[in-house]
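As provided, input.txt (compact mmCIF, C-alpha atoms) reads as follows.
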```txt
# COMPACT_ATOMS: atom_id res chain seq x y z
CA MET A 1449 -55.29 -52.48 -12.07
CA SER A 1450 -51.96 -53.12 -10.35
CA ALA A 1451 -51.21 -51.90 -6.85
CA GLU A 1452 -49.58 -48.51 -6.52
CA GLN A 1453 -45.86 -48.57 -5.81
CA LYS A 1454 -43.59 -45.84 -4.50
CA ILE A 1455 -40.08 -44.99 -5.67
CA ILE A 1456 -37.86 -42.68 -3.60
CA VAL A 1457 -34.79 -41.00 -5.13
CA THR A 1458 -32.21 -39.22 -3.01
CA GLY A 1459 -29.14 -37.07 -3.45
CA ASP A 1460 -25.62 -37.64 -2.18
CA LEU A 1461 -24.74 -40.35 0.31
CA ASN A 1462 -21.22 -39.66 1.58
CA PHE A 1463 -20.26 -41.70 4.63
CA MET A 1464 -16.72 -40.32 4.92
CA GLY A 1465 -15.97 -39.49 8.53
CA LEU A 1466 -19.09 -41.27 9.81
CA GLY A 1467 -17.50 -44.60 10.73
CA GLN A 1468 -19.98 -47.45 10.37
CA ALA A 1469 -22.79 -44.87 9.86
CA LYS A 1470 -25.14 -47.02 11.93
CA LYS A 1471 -27.45 -44.20 13.04
CA VAL A 1472 -27.56 -41.81 10.07
CA PHE A 1473 -30.89 -43.12 8.74
CA ASP A 1474 -32.64 -43.70 12.06
CA ARG A 1475 -34.99 -40.70 11.84
CA ILE A 1476 -35.94 -41.20 8.19
CA LYS A 1477 -35.86 -44.99 8.07
CA PRO A 1478 -39.68 -45.41 8.32
CA GLU A 1479 -40.19 -43.40 5.13
CA LEU A 1480 -37.44 -45.27 3.29
CA GLN A 1481 -38.61 -48.69 4.41
CA ALA A 1482 -42.19 -47.89 3.36
CA ALA A 1483 -41.04 -47.36 -0.24
CA ASP A 1484 -40.88 -50.21 -2.74
CA VAL A 1485 -37.60 -48.92 -4.20
CA VAL A 1486 -35.03 -46.41 -2.91
CA ILE A 1487 -32.33 -45.18 -5.31
CA SER A 1488 -29.46 -42.97 -4.17
CA ASN A 1489 -26.31 -41.33 -5.44
CA LEU A 1490 -23.37 -42.89 -3.58
CA GLU A 1491 -20.76 -40.13 -3.50
CA CYS A 1492 -18.01 -42.06 -1.78
CA CYS A 1493 -15.87 -45.16 -2.16
CA PHE A 1494 -15.98 -48.02 0.33
CA TYR A 1495 -12.26 -48.19 0.86
CA ASP A 1496 -10.16 -48.90 3.94
CA ASP A 1497 -8.53 -45.63 5.07
CA LYS A 1498 -5.41 -47.52 6.04
CA LEU A 1499 -4.81 -48.18 2.35
CA ALA A 1500 -5.24 -44.53 1.32
CA GLU A 1501 -1.64 -43.44 1.78
CA GLN A 1502 -0.43 -46.54 -0.01
CA ASN A 1503 -2.83 -45.72 -2.84
CA GLN A 1504 -1.44 -42.17 -2.97
CA ALA A 1505 2.08 -43.45 -3.42
CA GLU A 1506 1.14 -46.03 -6.04
CA THR A 1507 -1.42 -44.17 -8.17
CA GLY A 1508 -1.31 -40.47 -7.28
CA HIS A 1509 -5.09 -40.40 -6.87
CA PHE A 1510 -5.29 -39.26 -3.24
CA TYR A 1511 -3.82 -35.97 -1.98
CA PRO A 1512 -5.39 -35.06 1.38
CA ARG A 1513 -2.43 -33.00 2.62
CA SER A 1514 -1.65 -31.00 -0.49
CA GLY A 1515 -5.21 -29.79 -0.99
CA GLN A 1516 -5.43 -31.25 -4.47
CA ARG A 1517 -8.21 -33.60 -5.49
CA GLU A 1518 -8.96 -36.21 -2.87
CA GLY A 1519 -11.30 -39.17 -2.84
CA PHE A 1520 -14.23 -39.54 -0.50
CA TYR A 1521 -13.27 -42.79 1.23
CA ALA A 1522 -15.68 -44.37 3.72
CA GLU A 1523 -15.35 -47.41 5.92
CA PRO A 1524 -16.49 -50.52 4.01
CA GLY A 1525 -18.70 -51.52 6.94
CA ALA A 1526 -20.89 -48.46 6.32
CA VAL A 1527 -22.43 -50.35 3.40
CA LEU A 1528 -24.66 -52.12 5.91
CA ALA A 1529 -26.38 -48.79 6.58
CA LEU A 1530 -27.67 -48.96 3.01
CA LYS A 1531 -29.17 -52.39 3.60
CA THR A 1532 -30.97 -51.44 6.81
CA ALA A 1533 -32.35 -48.25 5.21
CA ASN A 1534 -33.85 -50.12 2.22
CA VAL A 1535 -31.55 -48.46 -0.34
CA SER A 1536 -32.18 -50.72 -3.32
CA ILE A 1537 -29.84 -49.30 -6.00
CA VAL A 1538 -26.96 -46.83 -6.01
CA GLY A 1539 -25.23 -44.80 -8.69
CA ASN A 1540 -21.50 -44.35 -8.18
CA ALA A 1541 -20.48 -42.07 -11.06
CA ASN A 1542 -19.16 -39.03 -9.20
CA ASN A 1543 -16.30 -36.55 -9.29
CA CYS A 1544 -14.97 -37.82 -5.94
CA ASN A 1545 -14.86 -41.55 -6.68
CA TYR A 1546 -11.52 -42.51 -8.19
CA GLY A 1547 -8.33 -44.46 -7.66
CA ASP A 1548 -8.03 -48.00 -9.01
CA ALA A 1549 -7.82 -49.63 -5.59
CA ALA A 1550 -10.70 -47.56 -4.16
CA ILE A 1551 -12.96 -48.31 -7.12
CA ARG A 1552 -12.22 -52.03 -7.08
CA SER A 1553 -12.88 -52.10 -3.34
CA THR A 1554 -16.23 -50.33 -3.79
CA ILE A 1555 -17.31 -52.75 -6.48
CA ASP A 1556 -16.41 -55.73 -4.29
CA VAL A 1557 -18.26 -54.32 -1.28
CA LEU A 1558 -21.45 -53.58 -3.25
CA GLN A 1559 -21.38 -56.94 -5.00
CA ASN A 1560 -20.83 -58.80 -1.73
CA GLN A 1561 -23.91 -57.11 -0.28
CA LYS A 1562 -25.87 -57.72 -3.50
CA ILE A 1563 -26.61 -54.01 -3.96
CA PRO A 1564 -27.10 -53.22 -7.67
CA PHE A 1565 -25.07 -50.26 -8.91
CA SER A 1566 -24.33 -48.29 -12.05
CA GLY A 1567 -21.74 -45.71 -13.06
CA VAL A 1568 -18.45 -47.29 -11.95
CA GLY A 1569 -16.48 -50.27 -13.14
CA THR A 1570 -13.14 -51.96 -13.65
CA ASP A 1571 -13.36 -50.83 -17.29
CA TRP A 1572 -15.57 -48.66 -19.51
CA LYS A 1573 -17.98 -51.45 -20.40
CA GLN A 1574 -18.71 -52.35 -16.79
CA ALA A 1575 -18.91 -48.70 -15.70
CA CYS A 1576 -21.67 -48.06 -18.25
CA GLN A 1577 -23.70 -51.12 -17.29
CA PRO A 1578 -27.17 -50.40 -15.92
CA ALA A 1579 -28.46 -51.75 -12.62
CA PHE A 1580 -31.69 -53.70 -12.24
CA PHE A 1581 -34.22 -54.15 -9.47
CA HIS A 1582 -37.44 -56.13 -9.60
CA THR A 1583 -40.40 -55.80 -7.26
CA LYS A 1584 -43.37 -58.12 -7.41
CA ASP A 1585 -45.00 -56.17 -10.25
CA LEU A 1586 -42.28 -53.89 -11.57
CA LYS A 1587 -39.03 -54.21 -13.51
CA ILE A 1588 -36.74 -51.22 -13.00
CA GLY A 1589 -33.66 -50.36 -15.03
CA PHE A 1590 -31.27 -47.70 -13.74
CA ILE A 1591 -28.32 -45.92 -15.35
CA GLN A 1592 -25.97 -43.20 -14.11
CA ARG A 1593 -23.37 -40.93 -15.69
CA THR A 1594 -21.25 -38.04 -14.42
CA SER A 1595 -20.43 -34.86 -16.33
CA VAL A 1596 -18.27 -33.64 -13.45
CA TYR A 1597 -14.95 -35.47 -13.45
CA TRP A 1598 -11.20 -34.97 -13.62
CA PRO A 1599 -9.60 -35.01 -17.09
CA ASN A 1600 -6.79 -37.37 -16.17
CA ASN A 1601 -7.42 -41.06 -15.44
CA HIS A 1602 -10.81 -40.56 -13.84
CA GLU A 1603 -13.01 -41.72 -16.71
CA ALA A 1604 -13.15 -45.50 -17.05
CA SER A 1605 -11.29 -46.77 -20.11
CA MET A 1606 -11.09 -49.96 -22.07
CA HIS A 1607 -8.60 -51.45 -19.63
CA ASN A 1608 -8.73 -49.28 -16.48
CA PRO A 1609 -11.20 -48.67 -13.64
CA GLY A 1610 -13.11 -45.41 -13.43
CA VAL A 1611 -16.51 -43.79 -13.69
CA ALA A 1612 -19.01 -43.66 -16.55
CA THR A 1613 -18.96 -40.16 -18.00
CA LEU A 1614 -21.02 -37.86 -20.18
CA LYS A 1615 -18.68 -35.38 -21.80
CA ILE A 1616 -19.77 -31.73 -21.98
CA HIS A 1617 -18.45 -28.85 -24.08
CA THR A 1618 -18.39 -25.21 -22.97
CA ALA A 1619 -18.19 -22.05 -25.09
CA TYR A 1620 -18.00 -18.37 -24.13
CA SER A 1621 -19.51 -15.59 -26.22
CA PRO A 1622 -19.05 -11.82 -25.61
CA GLN A 1623 -22.21 -9.87 -24.87
CA LEU A 1624 -22.60 -7.25 -27.60
CA ASP A 1625 -25.96 -5.77 -26.65
CA GLY A 1626 -26.62 -2.76 -24.47
CA TYR A 1627 -23.51 -1.35 -22.79
CA ALA A 1628 -21.47 -4.55 -23.12
CA ALA A 1629 -19.84 -3.56 -26.43
CA ASN A 1630 -18.01 -0.63 -24.83
CA ARG A 1631 -17.57 -1.96 -21.30
CA PRO A 1632 -14.32 -3.92 -20.77
CA GLY A 1633 -14.66 -6.83 -18.38
CA THR A 1634 -18.32 -7.57 -19.13
CA PRO A 1635 -19.02 -11.26 -18.33
CA PRO A 1636 -19.63 -13.42 -21.41
CA ASP A 1637 -22.62 -15.60 -22.16
CA ILE A 1638 -21.84 -19.24 -21.42
CA TYR A 1639 -23.11 -22.12 -23.54
CA THR A 1640 -22.88 -25.82 -22.76
CA TRP A 1641 -23.84 -28.89 -24.79
CA VAL A 1642 -23.37 -32.65 -24.71
CA ASP A 1643 -20.75 -34.33 -26.85
CA ARG A 1644 -22.67 -36.10 -29.60
CA ILE A 1645 -20.82 -39.42 -29.32
CA TYR A 1646 -21.48 -39.67 -25.59
CA LEU A 1647 -25.12 -38.60 -25.94
CA ASP A 1648 -25.80 -41.08 -28.73
CA ASP A 1649 -24.34 -43.87 -26.61
CA LEU A 1650 -26.53 -42.89 -23.64
CA VAL A 1651 -29.68 -42.67 -25.78
CA HIS A 1652 -28.99 -46.06 -27.35
CA GLN A 1653 -28.58 -47.68 -23.96
CA ILE A 1654 -31.78 -46.13 -22.57
CA ARG A 1655 -33.74 -47.37 -25.57
CA GLN A 1656 -32.45 -50.86 -24.94
CA LEU A 1657 -33.34 -50.62 -21.26
CA LYS A 1658 -36.90 -49.59 -22.05
CA GLU A 1659 -37.41 -52.69 -24.19
CA THR A 1660 -37.05 -55.00 -21.18
CA ASN A 1661 -38.00 -52.82 -18.19
CA ASP A 1662 -41.24 -51.19 -17.07
CA ILE A 1663 -39.62 -48.12 -15.50
CA VAL A 1664 -36.29 -46.65 -16.60
CA ILE A 1665 -34.51 -44.18 -14.33
CA ALA A 1666 -31.54 -42.08 -15.44
CA SER A 1667 -29.33 -40.26 -12.96
CA PHE A 1668 -26.65 -37.62 -13.59
CA HIS A 1669 -23.91 -36.02 -11.53
CA TRP A 1670 -23.80 -32.53 -13.03
CA GLY A 1671 -24.40 -28.83 -12.54
CA TYR A 1672 -22.83 -25.66 -11.19
CA ARG A 1673 -24.31 -24.02 -8.11
CA GLU A 1674 -27.96 -22.98 -8.49
CA GLU A 1675 -27.94 -22.83 -12.28
CA ILE A 1676 -29.71 -25.29 -14.56
CA LEU A 1677 -27.32 -25.27 -17.49
CA ASP A 1678 -28.18 -25.89 -21.14
CA TYR A 1679 -26.58 -29.33 -21.22
CA MET A 1680 -28.62 -30.47 -18.22
CA ARG A 1681 -31.91 -29.85 -19.99
CA GLU A 1682 -30.52 -31.28 -23.23
CA THR A 1683 -29.46 -34.46 -21.46
CA ALA A 1684 -32.65 -34.89 -19.45
CA ARG A 1685 -34.95 -34.39 -22.41
CA ALA A 1686 -32.92 -36.66 -24.69
CA ALA A 1687 -33.08 -39.37 -22.01
CA ILE A 1688 -36.86 -39.02 -21.70
CA ASP A 1689 -37.29 -39.02 -25.48
CA ALA A 1690 -35.33 -42.29 -25.50
CA GLY A 1691 -37.64 -43.88 -22.94
CA ALA A 1692 -36.56 -42.76 -19.45
CA ASP A 1693 -39.44 -42.30 -17.01
CA ILE A 1694 -37.64 -40.50 -14.17
CA ILE A 1695 -34.60 -38.22 -14.20
CA PHE A 1696 -32.74 -37.18 -11.08
CA GLY A 1697 -29.56 -35.19 -10.74
CA HIS A 1698 -27.04 -34.32 -8.06
CA GLY A 1699 -23.73 -32.52 -7.76
CA PRO A 1700 -24.48 -29.08 -6.32
CA HIS A 1701 -25.11 -29.54 -2.60
CA MET A 1702 -28.48 -27.80 -2.68
CA PRO A 1703 -31.97 -28.54 -4.00
CA LEU A 1704 -32.78 -27.31 -7.51
CA PRO A 1705 -36.12 -26.82 -9.29
CA VAL A 1706 -38.17 -29.70 -10.62
CA GLU A 1707 -39.42 -29.63 -14.20
CA ILE A 1708 -41.82 -31.77 -16.23
CA TYR A 1709 -41.17 -32.98 -19.75
CA ARG A 1710 -43.65 -35.22 -21.55
CA SER A 1711 -45.37 -35.76 -18.18
CA LYS A 1712 -42.14 -37.18 -16.72
CA PRO A 1713 -40.36 -35.66 -13.68
CA ILE A 1714 -36.91 -34.10 -13.87
CA PHE A 1715 -35.37 -33.56 -10.44
CA PHE A 1716 -32.42 -31.41 -11.50
CA GLY A 1717 -30.72 -31.37 -8.12
CA LEU A 1718 -31.49 -33.36 -4.98
CA GLY A 1719 -28.54 -32.01 -3.02
CA SER A 1720 -27.25 -33.92 0.00
CA PHE A 1721 -28.95 -36.76 1.86
CA VAL A 1722 -26.13 -38.02 4.12
CA PHE A 1723 -23.09 -35.77 4.09
CA HIS A 1724 -20.68 -34.82 6.86
CA ASN A 1725 -17.11 -34.41 5.60
CA GLY A 1726 -16.36 -33.01 2.15
CA HIS A 1727 -13.23 -31.97 0.28
CA ARG A 1728 -10.05 -31.99 2.39
CA GLY A 1729 -12.08 -33.38 5.25
CA LYS A 1730 -13.93 -30.13 5.87
CA THR A 1731 -17.32 -30.41 7.54
CA HIS A 1732 -20.22 -29.49 5.30
CA GLY A 1733 -22.51 -26.87 6.76
CA HIS A 1734 -26.16 -27.08 7.73
CA TRP A 1735 -27.19 -28.29 4.30
CA LEU A 1736 -30.67 -28.64 2.86
CA GLY A 1737 -31.49 -31.56 0.55
CA MET A 1738 -34.43 -32.90 -1.42
CA MET A 1739 -36.01 -36.37 -1.49
CA GLY A 1740 -38.00 -37.16 -4.63
CA GLN A 1741 -41.09 -39.35 -4.32
CA ILE A 1742 -42.74 -40.94 -7.33
CA ASP A 1743 -45.90 -43.04 -7.33
CA ILE A 1744 -46.19 -45.73 -10.00
CA GLN A 1745 -49.45 -47.34 -11.10
CA ASN A 1746 -50.02 -49.69 -14.02
CA LYS A 1747 -46.28 -49.49 -14.68
CA GLN A 1748 -46.45 -45.76 -15.40
CA VAL A 1749 -45.67 -42.58 -13.46
CA LYS A 1750 -48.90 -41.57 -11.75
CA SER A 1751 -47.79 -38.66 -9.53
CA PHE A 1752 -44.69 -37.21 -7.93
CA GLY A 1753 -43.40 -34.62 -5.51
CA PHE A 1754 -40.64 -34.06 -3.01
CA SER A 1755 -39.79 -33.48 0.62
CA LEU A 1756 -36.93 -31.47 2.08
CA VAL A 1757 -34.34 -33.01 4.37
CA ARG A 1758 -31.69 -31.81 6.78
CA ARG A 1759 -29.39 -33.47 9.30
CA ASP A 1760 -29.36 -33.00 13.04
CA LYS A 1761 -26.39 -32.68 15.39
CA LYS A 1762 -26.04 -36.47 15.42
CA ASN A 1763 -25.75 -36.55 11.60
CA GLN A 1764 -29.17 -38.15 11.33
CA THR A 1765 -31.18 -37.18 8.25
CA TYR A 1766 -34.76 -36.07 8.86
CA ILE A 1767 -37.65 -34.60 6.87
CA CYS A 1768 -38.13 -30.92 7.67
CA ASP A 1769 -41.19 -28.70 7.60
CA PRO A 1770 -41.51 -26.74 4.31
CA ALA A 1771 -42.98 -23.82 6.26
CA ASN A 1772 -39.58 -23.33 7.89
CA GLU A 1773 -37.71 -23.47 4.56
CA MET A 1774 -39.51 -20.87 2.47
CA GLY A 1775 -36.34 -18.83 1.94
CA ALA A 1776 -34.84 -21.77 0.05
CA LEU A 1777 -38.11 -22.90 -1.51
CA GLU A 1778 -39.21 -19.59 -3.04
CA PRO A 1779 -36.54 -19.54 -5.83
CA ILE A 1780 -37.45 -23.16 -6.60
CA PHE A 1781 -41.15 -22.36 -6.65
CA SER A 1782 -40.54 -19.29 -8.83
CA ALA A 1783 -38.64 -21.35 -11.40
CA MET A 1784 -41.38 -23.99 -11.42
CA ARG A 1785 -44.10 -21.39 -11.87
CA SER A 1786 -42.19 -19.90 -14.81
CA CYS A 1787 -42.40 -23.34 -16.46
CA GLY A 1788 -46.16 -23.48 -15.89
CA ILE A 1789 -45.89 -26.13 -13.18
CA ASP A 1790 -48.59 -26.19 -10.51
CA PHE A 1791 -47.91 -27.56 -7.05
CA PHE A 1792 -49.21 -27.45 -3.51
CA ILE A 1793 -47.78 -28.07 -0.06
CA ARG A 1794 -49.30 -31.03 1.72
CA SER A 1795 -47.96 -31.46 5.24
CA GLN A 1796 -44.26 -32.29 4.73
CA THR A 1797 -44.48 -32.91 0.98
CA ILE A 1798 -44.65 -30.64 -2.05
CA ASP A 1799 -46.97 -32.38 -4.50
CA ILE A 1800 -46.62 -31.49 -8.17
CA LYS A 1801 -49.54 -31.47 -10.57
CA THR A 1802 -48.60 -33.44 -13.67
CA SER A 1803 -51.19 -32.03 -16.07
CA LYS A 1804 -48.80 -29.40 -17.50
CA SER A 1805 -45.53 -30.16 -19.23
CA GLU A 1806 -43.10 -28.55 -21.58
```

Show me this structure written as structure tokens.
Amino acid sequence: MSAEQKIIVTGDLNFMGLGQAKKVFDRIKPELQAADVVISNLECCFYDDKLAEQNQAETGHFYPRSGQREGFYAEPGAVLALKTANVSIVGNANNCNYGDAAIRSTIDVLQNQKIPFSGVGTDWKQACQPAFFHTKDLKIGFIQRTSVYWPNNHEASMHNPGVATLKIHTAYSPQLDGYAANRPGTPPDIYTWVDRIYLDDLVHQIRQLKETNDIVIASFHWGYREEILDYMRETARAAIDAGADIIFGHGPHMPLPVEIYRSKPIFFGLGSFVFHNGHRGKTHGHWLGMMGQIDIQNKQVKSFGFSLVRRDKKNQTYICDPANEMGALEPIFSAMRSCGIDFFIRSQTIDIKTSKSE
């Protein structure tokens, strides 16, 4: 029997406005360093701010003054915070990571620090490449896609930098039951689904990953507020059917319910993990995030759960007491109960019983 190993997955890391970000992990570093693997969503580009205005003039990808879409650009030196916090792999497919110069800079910074990444590239092929990390007893393959992206020059192409995407379709259907048929202005039902070409490509790549890796992890930037949309479940289950062992999502800046499919965890939304400035440089509020924890034994998922995290006045992330977060936890617990998922609170961790699955 092989030794048990722990994988931690986190939500958004956005170092914009945090300078070198030397202290952001100080309070949670012991937990991160105790893990064998830490995988995070990197929702920023490592790009010198002095080049931002030049990039705006040359590419039109950065509009901080006009209030249009703007990139999350962090100081390149902040990458060292990842190293000291034991962040092993990052995904960089996000709706805020764009601009040819910013993307090329991010790739160079991550490669120079030998941090494996997935989801961004100088062209479509590189953006879709998985990342790999090997421990003494475990081979891990990681892949990330974003379904939240701008329709013009954000998706990586055959010849241009960008992010790896998973295209989603949306349809609206009038509600014809009850009073809706004679009530003007009734909201429609909304349906979402994954584009078949994109989904087939993702499934094919996950199958290939599983052939050469013990644990395959798929990550997705997706979602809209507190809702778990149809395409999110469709994507997560297709990925698990193809061989993925762990799914974690991010996008909405709040924790979302956890589900189980074929005994594998789906963390639909981990929220923020390090996040100070957001769109147009506005400070994000007193956010609540989620940190997924998965125990691996004999190269299989043995157990999993999560902790909740917040930041203090010094922008340092810390694990918070679930007893003080019941207002946010109760909707999550209710959704999990409706799926037949059992769980219990153990100190600062919510442990999930894996015996039931959909």

Test item: residues at most 7 Å from segment 1745-1759 of chain A, all atoms listed in the file, excluding those fewer than 2 positions along its chain, as a ChimeraX atom specification:
/A:1449-1453,1586,1662-1663,1735-1743,1761,1763-1768,1770,1796-1800,1802

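With distances restricted to all atoms listed in the file, A:Asp1637 is the closest residue to Ser1621 of chain A from A:Lys1584, A:Pro1609, A:Ile1537, A:Asp1637.
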
Skip Lys1562 of chain A itself and residues of its chain fewer than 3 positions away, then list as number ranges by chain all residues within 12 Å of it, counting only C-alpha atoms.
A: 1527-1528, 1530-1531, 1535-1538, 1555-1559, 1565, 1579-1581

d(atom CA of Asp1571 of chain A, atom CA of Ser1595 of chain A) in Å:
17.5 Å

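Of the listed residues (A:Ala1549, A:Ala1533, A:Cys1544, A:Ala1686), A:Ala1686 comes nearest to Asp1649 of chain A; the distances count all atoms listed in the file.
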
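Using all atoms listed in the file, the shortest contact distance between Arg1685 of chain A and any of A:Cys1493, A:Ile1789, A:Ala1619, A:Val1651 is found at A:Val1651.
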
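For the pair atom CA of Leu1466 of chain A and atom CA of Ala1604 of chain A, the separation is 27.8 Å.
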
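Distances from A:Gly1519, A:Ala1776, A:Leu1650, A:Gly1788 to Tyr1709 of chain A were compared using all atoms listed in the file, and the smallest one belongs to A:Gly1788.
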
Work out where the centre of an axis-aligned box around every listed atom of segment 1712-1719 of chain A lies and how long its edges are once 6 Å is added on each side; give both in Å to one decimal as lines of an AutoDock Vina configuration file.
```
center_x = -35.3
center_y = -34.3
center_z = -9.9
size_x = 25.6
size_y = 17.8
size_z = 25.7
```

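Here the residues that fall within 9 Å of (-37.6, -44.3, -6.4), using all atoms listed in the file, are given as A:Lys1454, A:Ile1455, A:Ile1456, A:Val1457, A:Thr1458, A:Ala1483, A:Asp1484, A:Val1485, A:Val1486, A:Ile1487, A:Ser1488, A:Ser1536, A:Ile1665, A:Ile1694, A:Gly1740, A:Gln1741, A:Ile1742, A:Asp1743.
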
A:Asn1661, A:Asn1600, A:Ser1795, A:Gln1656: which is nearest Tyr1546 of chain A, counting all atoms listed in the file?
A:Asn1600

Closest of A:Phe1520, A:Tyr1597, A:Tyr1679, A:Phe1590 to Ser1667 of chain A, counting all atoms listed in the file, is A:Phe1590

Can you pull out every residue within 10 Å of Ala1687 of chain A, counting all atoms listed in the file, but drop anything in the same chain fewer than 2 positions away, and send it as a PyMOL selection string?
chain A and resi 1647+1650-1655+1664-1667+1681-1685+1689-1695

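From atom CA of Gly1547 of chain A back to atom CA of Val1611 of chain A, the distance works out to 10.2 Å.
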
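Near Asn1608 of chain A, within 12 Å and counting all atoms listed in the file, sit Tyr1546, Gly1547, Asp1548, Ala1549, Ile1551, Arg1552, Val1568, Gly1569, Thr1570, Asp1571, Trp1572, Lys1573, Gln1574, Ala1575, Asn1601, His1602, Glu1603, Ala1604, Ser1605, Met1606, Gly1610, Val1611 and Ala1612 of chain A, not including residues fewer than 2 positions from it in the same chain.
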
Output of the above residues as a PDB file, keeping the file's coordinate frame, restricted to C-alpha atoms:
```
ATOM      1  CA  TYR A1546     -11.520 -42.510  -8.190  1.00  0.00           C
ATOM      2  CA  GLY A1547      -8.330 -44.460  -7.660  1.00  0.00           C
ATOM      3  CA  ASP A1548      -8.030 -48.000  -9.010  1.00  0.00           C
ATOM      4  CA  ALA A1549      -7.820 -49.630  -5.590  1.00  0.00           C
ATOM      5  CA  ILE A1551     -12.960 -48.310  -7.120  1.00  0.00           C
ATOM      6  CA  ARG A1552     -12.220 -52.030  -7.080  1.00  0.00           C
ATOM      7  CA  VAL A1568     -18.450 -47.290 -11.950  1.00  0.00           C
ATOM      8  CA  GLY A1569     -16.480 -50.270 -13.140  1.00  0.00           C
ATOM      9  CA  THR A1570     -13.140 -51.960 -13.650  1.00  0.00           C
ATOM     10  CA  ASP A1571     -13.360 -50.830 -17.290  1.00  0.00           C
ATOM     11  CA  TRP A1572     -15.570 -48.660 -19.510  1.00  0.00           C
ATOM     12  CA  LYS A1573     -17.980 -51.450 -20.400  1.00  0.00           C
ATOM     13  CA  GLN A1574     -18.710 -52.350 -16.790  1.00  0.00           C
ATOM     14  CA  ALA A1575     -18.910 -48.700 -15.700  1.00  0.00           C
ATOM     15  CA  ASN A1601      -7.420 -41.060 -15.440  1.00  0.00           C
ATOM     16  CA  HIS A1602     -10.810 -40.560 -13.840  1.00  0.00           C
ATOM     17  CA  GLU A1603     -13.010 -41.720 -16.710  1.00  0.00           C
ATOM     18  CA  ALA A1604     -13.150 -45.500 -17.050  1.00  0.00           C
ATOM     19  CA  SER A1605     -11.290 -46.770 -20.110  1.00  0.00           C
ATOM     20  CA  MET A1606     -11.090 -49.960 -22.070  1.00  0.00           C
ATOM     21  CA  GLY A1610     -13.110 -45.410 -13.430  1.00  0.00           C
ATOM     22  CA  VAL A1611     -16.510 -43.790 -13.690  1.00  0.00           C
ATOM     23  CA  ALA A1612     -19.010 -43.660 -16.550  1.00  0.00           C
TER      24      ALA A1612
END
```

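Every protein or nucleic acid residue with an atom no more than 8 Å from Glu1707 of chain A, counting all atoms listed in the file and leaving out same-chain residues fewer than 3 positions away, appears here: Pro1713, Ile1714, Phe1715, Phe1716, Met1784, Cys1787, Ile1789 and Ser1805 of chain A.
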